[in-house]
Amino acid sequence: MSVATTPAAQTELVVSFTLNGRPVQVRTRALDSVLAVLREQLQIGSVRVGCNEGDCGVCTVLLDGEPHRGCLLPAFVAEGREITTVEGLGDVNQLHPLQRAFHEHFASQCGFCTPGMILTAKSLLDRSPAPSREEIVAAISGNLCRCTGYRSIIRAIESVAQQGGR
Ligand code: FES
Ligand code: FES
């Protein structure tokens, strides 16, 4: 499928939003995605490019706390809202509990899916701190992982849930 590039689609927009707790402003066009803006203008490398069609989940970001496919989300939708990427959760000196659990449970192998997986898990635990295994499986069902077989990921998320979900 091709998308016609109309003059309207080329119109530049200025979009202001909060990224990982700090205000940012970008110039974008109507068809530009959050994924493109984060990677190309804001150098957020954790938001990965996979299928670019909404199927794999590696581009997952949190928009006001809810997981969304960055490749399908038009950048203008972020106006006045909060985007969180895994850079906003923790860093090597102070890992978020989910980051630590993924490390301890070997839930990250090549790591390509890991940022999106962790953000999806964070959203789940924020709204449901003690999810069942079935709820965890359902929550991450849209995030594909080609390496781990998912068991270690599920165990990592369960371990954080057992500590109170945060
Ligand atoms: S790159 Fe967005 S869902 Fe695959
Ligand atoms: S760890 Fe490699 S795709 Fe998930």
# chains A, B, ... in the order shown; residues from 1 in each chain; ligands from 1

$ residues_around --residues "segment 142-148 of chain A" --least-positions-apart "4" --cutoff "9 Å" --atoms "only C-alpha atoms" --output "VMD selection string"
chain A and resid 55 to 58 60 106 to 114 116 to 117 120 138 152 to 153

$ write_last_selection --atoms "C-alpha atoms" --output "CSV table (one decimal), in the first residue's frame"
chain,number,residue,atom,x,y,z
A,55,ASP,CA,2.7,-5.9,14.3
A,56,CYS,CA,5.8,-6.4,16.4
A,57,GLY,CA,5.6,-4.0,19.3
A,58,VAL,CA,9.3,-3.0,19.4
A,60,THR,CA,6.1,0.7,22.0
A,106,PHE,CA,17.7,-13.5,31.8
A,107,ALA,CA,14.6,-12.0,30.1
A,108,SER,CA,16.7,-10.1,27.6
A,109,GLN,CA,18.9,-11.9,25.1
A,110,CYS,CA,19.5,-9.8,22.0
A,111,GLY,CA,17.6,-7.0,23.7
A,112,PHE,CA,15.7,-5.8,20.6
A,113,CYS,CA,12.3,-6.4,22.1
A,114,THR,CA,13.2,-5.4,25.7
A,116,GLY,CA,8.9,-2.2,24.4
A,117,MET,CA,8.4,-5.3,26.6
A,120,THR,CA,4.2,-2.7,28.3
A,138,ALA,CA,-2.3,-11.2,27.6
A,152,SER,CA,11.9,-15.7,31.4
A,153,ILE,CA,10.0,-12.5,30.6

$ residues_around --residues "segment 43-54 of chain A" --least-positions-apart "4" --cutoff "9 Å" --atoms "only C-alpha atoms" --output "PyMOL selection string"
chain A and resi 35-39+58-61+69-72+85-87+112-116

$ residues_around --residues "Leu13 of chain A" --least-positions-apart "6" --cutoff "7 Å" --atoms "only C-alpha atoms" --output "tab-separated table (two decimals) with N, CA and C atoms, in the first residue's frame"
chain	number	residue	atom	x	y	z
A	27	ARG	N	9.41	20.03	15.27
A	27	ARG	CA	8.71	20.38	14.04
A	27	ARG	C	8.46	19.07	13.30
A	28	THR	N	7.24	18.85	12.91
A	28	THR	CA	6.91	17.59	12.29
A	28	THR	C	5.89	17.83	11.17
A	29	ARG	N	5.60	16.77	10.41
A	29	ARG	CA	4.57	16.86	9.38
A	29	ARG	C	3.44	15.90	9.74

$ closest_residue --among "A:Gly21, A:Gly164, A:Pro67, A:Gly90" --to "ligand 1" --atoms "only C-alpha atoms and all ligand atoms"
A:Pro67

$ closest_residue --among "A:Gln163, A:Gln99, A:Glu12, A:Gly65" --to "Arg127 of chain A" --atoms "only C-alpha atoms"
A:Gly65

$ select_by_dssp --residues "segment 41-86 of chain A" --states "helix (DSSP H, G or I)" --output "ChimeraX atom specification"
/A:41,75-78,86

$ select_by_dssp --residues "chain A" --states "strand (DSSP E)" --output "JSON, numbers by chain"
{"A": [12, 13, 14, 15, 16, 17, 18, 19, 22, 23, 24, 25, 26, 27, 28, 29, 60, 61, 62, 63, 66, 67, 68, 69, 82, 83, 84]}

$ decode --residues "segment 72-110 of chain A" --atoms "N, CA and C atoms" --output "PDB file, in the first residue's frame"
ATOM      1  N   LEU A  72       2.690   3.644  14.540  1.00  0.00           N
ATOM      2  CA  LEU A  72       1.341   3.936  14.051  1.00  0.00           C
ATOM      3  C   LEU A  72       0.783   5.226  14.634  1.00  0.00           C
ATOM      4  N   LEU A  73       1.504   5.799  15.578  1.00  0.00           N
ATOM      5  CA  LEU A  73       0.982   6.958  16.300  1.00  0.00           C
ATOM      6  C   LEU A  73       1.476   8.247  15.635  1.00  0.00           C
ATOM      7  N   PRO A  74       0.575   9.037  15.075  1.00  0.00           N
ATOM      8  CA  PRO A  74       1.032  10.301  14.478  1.00  0.00           C
ATOM      9  C   PRO A  74       1.612  11.213  15.550  1.00  0.00           C
ATOM     10  N   ALA A  75       2.680  11.871  15.215  1.00  0.00           N
ATOM     11  CA  ALA A  75       3.370  12.690  16.223  1.00  0.00           C
ATOM     12  C   ALA A  75       2.475  13.801  16.766  1.00  0.00           C
ATOM     13  N   PHE A  76       1.567  14.329  15.942  1.00  0.00           N
ATOM     14  CA  PHE A  76       0.752  15.451  16.427  1.00  0.00           C
ATOM     15  C   PHE A  76      -0.179  15.032  17.576  1.00  0.00           C
ATOM     16  N   VAL A  77      -0.448  13.737  17.696  1.00  0.00           N
ATOM     17  CA  VAL A  77      -1.305  13.239  18.783  1.00  0.00           C
ATOM     18  C   VAL A  77      -0.656  13.483  20.146  1.00  0.00           C
ATOM     19  N   ALA A  78       0.666  13.647  20.163  1.00  0.00           N
ATOM     20  CA  ALA A  78       1.384  13.835  21.428  1.00  0.00           C
ATOM     21  C   ALA A  78       1.225  15.249  21.997  1.00  0.00           C
ATOM     22  N   GLU A  79       0.659  16.164  21.233  1.00  0.00           N
ATOM     23  CA  GLU A  79       0.553  17.555  21.684  1.00  0.00           C
ATOM     24  C   GLU A  79      -0.036  17.632  23.105  1.00  0.00           C
ATOM     25  N   GLY A  80       0.710  18.257  24.004  1.00  0.00           N
ATOM     26  CA  GLY A  80       0.239  18.483  25.374  1.00  0.00           C
ATOM     27  C   GLY A  80       0.220  17.246  26.248  1.00  0.00           C
ATOM     28  N   ARG A  81       0.771  16.142  25.742  1.00  0.00           N
ATOM     29  CA  ARG A  81       0.682  14.888  26.496  1.00  0.00           C
ATOM     30  C   ARG A  81       2.078  14.428  26.942  1.00  0.00           C
ATOM     31  N   GLU A  82       2.127  13.282  27.605  1.00  0.00           N
ATOM     32  CA  GLU A  82       3.375  12.780  28.177  1.00  0.00           C
ATOM     33  C   GLU A  82       3.767  11.481  27.481  1.00  0.00           C
ATOM     34  N   ILE A  83       4.959  11.457  26.943  1.00  0.00           N
ATOM     35  CA  ILE A  83       5.495  10.224  26.363  1.00  0.00           C
ATOM     36  C   ILE A  83       6.612   9.719  27.264  1.00  0.00           C
ATOM     37  N   THR A  84       6.563   8.432  27.539  1.00  0.00           N
ATOM     38  CA  THR A  84       7.619   7.799  28.328  1.00  0.00           C
ATOM     39  C   THR A  84       8.264   6.703  27.495  1.00  0.00           C
ATOM     40  N   THR A  85       9.592   6.711  27.460  1.00  0.00           N
ATOM     41  CA  THR A  85      10.359   5.619  26.864  1.00  0.00           C
ATOM     42  C   THR A  85      11.159   4.982  27.988  1.00  0.00           C
ATOM     43  N   VAL A  86      11.870   3.920  27.667  1.00  0.00           N
ATOM     44  CA  VAL A  86      12.569   3.220  28.739  1.00  0.00           C
ATOM     45  C   VAL A  86      13.676   4.098  29.344  1.00  0.00           C
ATOM     46  N   GLU A  87      14.142   5.094  28.601  1.00  0.00           N
ATOM     47  CA  GLU A  87      15.132   6.026  29.163  1.00  0.00           C
ATOM     48  C   GLU A  87      14.556   6.788  30.356  1.00  0.00           C
ATOM     49  N   GLY A  88      13.230   6.882  30.412  1.00  0.00           N
ATOM     50  CA  GLY A  88      12.584   7.615  31.491  1.00  0.00           C
ATOM     51  C   GLY A  88      12.348   6.776  32.736  1.00  0.00           C
ATOM     52  N   LEU A  89      12.666   5.503  32.682  1.00  0.00           N
ATOM     53  CA  LEU A  89      12.413   4.634  33.833  1.00  0.00           C
ATOM     54  C   LEU A  89      13.602   4.555  34.773  1.00  0.00           C
ATOM     55  N   GLY A  90      14.778   4.378  34.214  1.00  0.00           N
ATOM     56  CA  GLY A  90      15.955   4.233  35.055  1.00  0.00           C
ATOM     57  C   GLY A  90      17.196   4.235  34.191  1.00  0.00           C
ATOM     58  N   ASP A  91      18.343   4.159  34.835  1.00  0.00           N
ATOM     59  CA  ASP A  91      19.582   4.083  34.065  1.00  0.00           C
ATOM     60  C   ASP A  91      20.500   3.068  34.734  1.00  0.00           C
ATOM     61  N   VAL A  92      21.701   2.930  34.216  1.00  0.00           N
ATOM     62  CA  VAL A  92      22.593   1.879  34.728  1.00  0.00           C
ATOM     63  C   VAL A  92      22.911   2.061  36.201  1.00  0.00           C
ATOM     64  N   ASN A  93      22.841   3.289  36.684  1.00  0.00           N
ATOM     65  CA  ASN A  93      23.136   3.522  38.102  1.00  0.00           C
ATOM     66  C   ASN A  93      21.930   3.274  38.992  1.00  0.00           C
ATOM     67  N   GLN A  94      20.748   3.394  38.413  1.00  0.00           N
ATOM     68  CA  GLN A  94      19.536   3.209  39.211  1.00  0.00           C
ATOM     69  C   GLN A  94      18.480   2.564  38.323  1.00  0.00           C
ATOM     70  N   LEU A  95      18.540   1.245  38.266  1.00  0.00           N
ATOM     71  CA  LEU A  95      17.622   0.522  37.400  1.00  0.00           C
ATOM     72  C   LEU A  95      16.207   0.545  37.971  1.00  0.00           C
ATOM     73  N   HIS A  96      15.241   0.630  37.075  1.00  0.00           N
ATOM     74  CA  HIS A  96      13.848   0.426  37.466  1.00  0.00           C
ATOM     75  C   HIS A  96      13.703  -1.043  37.864  1.00  0.00           C
ATOM     76  N   PRO A  97      12.813  -1.365  38.811  1.00  0.00           N
ATOM     77  CA  PRO A  97      12.650  -2.775  39.213  1.00  0.00           C
ATOM     78  C   PRO A  97      12.421  -3.716  38.032  1.00  0.00           C
ATOM     79  N   LEU A  98      11.708  -3.283  37.014  1.00  0.00           N
ATOM     80  CA  LEU A  98      11.512  -4.166  35.857  1.00  0.00           C
ATOM     81  C   LEU A  98      12.824  -4.373  35.099  1.00  0.00           C
ATOM     82  N   GLN A  99      13.616  -3.330  34.971  1.00  0.00           N
ATOM     83  CA  GLN A  99      14.912  -3.482  34.295  1.00  0.00           C
ATOM     84  C   GLN A  99      15.793  -4.460  35.074  1.00  0.00           C
ATOM     85  N   ARG A 100      15.790  -4.305  36.409  1.00  0.00           N
ATOM     86  CA  ARG A 100      16.602  -5.208  37.229  1.00  0.00           C
ATOM     87  C   ARG A 100      16.089  -6.639  37.108  1.00  0.00           C
ATOM     88  N   ALA A 101      14.777  -6.813  37.139  1.00  0.00           N
ATOM     89  CA  ALA A 101      14.201  -8.159  37.058  1.00  0.00           C
ATOM     90  C   ALA A 101      14.491  -8.803  35.698  1.00  0.00           C
ATOM     91  N   PHE A 102      14.424  -8.024  34.623  1.00  0.00           N
ATOM     92  CA  PHE A 102      14.746  -8.593  33.302  1.00  0.00           C
ATOM     93  C   PHE A 102      16.201  -9.062  33.282  1.00  0.00           C
ATOM     94  N   HIS A 103      17.058  -8.296  33.913  1.00  0.00           N
ATOM     95  CA  HIS A 103      18.465  -8.691  33.976  1.00  0.00           C
ATOM     96  C   HIS A 103      18.622  -9.973  34.805  1.00  0.00           C
ATOM     97  N   GLU A 104      18.032  -9.991  35.972  1.00  0.00           N
ATOM     98  CA  GLU A 104      18.219 -11.117  36.894  1.00  0.00           C
ATOM     99  C   GLU A 104      17.587 -12.409  36.385  1.00  0.00           C
ATOM    100  N   HIS A 105      16.528 -12.285  35.605  1.00  0.00           N
ATOM    101  CA  HIS A 105      15.820 -13.486  35.108  1.00  0.00           C
ATOM    102  C   HIS A 105      16.217 -13.831  33.668  1.00  0.00           C
ATOM    103  N   PHE A 106      17.263 -13.216  33.162  1.00  0.00           N
ATOM    104  CA  PHE A 106      17.730 -13.487  31.797  1.00  0.00           C
ATOM    105  C   PHE A 106      16.593 -13.312  30.787  1.00  0.00           C
ATOM    106  N   ALA A 107      15.799 -12.268  30.998  1.00  0.00           N
ATOM    107  CA  ALA A 107      14.636 -12.034  30.149  1.00  0.00           C
ATOM    108  C   ALA A 107      14.967 -11.195  28.927  1.00  0.00           C
ATOM    109  N   SER A 108      16.224 -10.852  28.797  1.00  0.00           N
ATOM    110  CA  SER A 108      16.678 -10.105  27.634  1.00  0.00           C
ATOM    111  C   SER A 108      17.869 -10.834  27.030  1.00  0.00           C
ATOM    112  N   GLN A 109      17.738 -11.219  25.774  1.00  0.00           N
ATOM    113  CA  GLN A 109      18.871 -11.873  25.107  1.00  0.00           C
ATOM    114  C   GLN A 109      19.466 -10.909  24.076  1.00  0.00           C
ATOM    115  N   CYS A 110      18.915 -10.837  22.884  1.00  0.00           N
ATOM    116  CA  CYS A 110      19.461  -9.834  21.951  1.00  0.00           C
ATOM    117  C   CYS A 110      19.074  -8.424  22.385  1.00  0.00           C
TER     118      CYS A 110
END
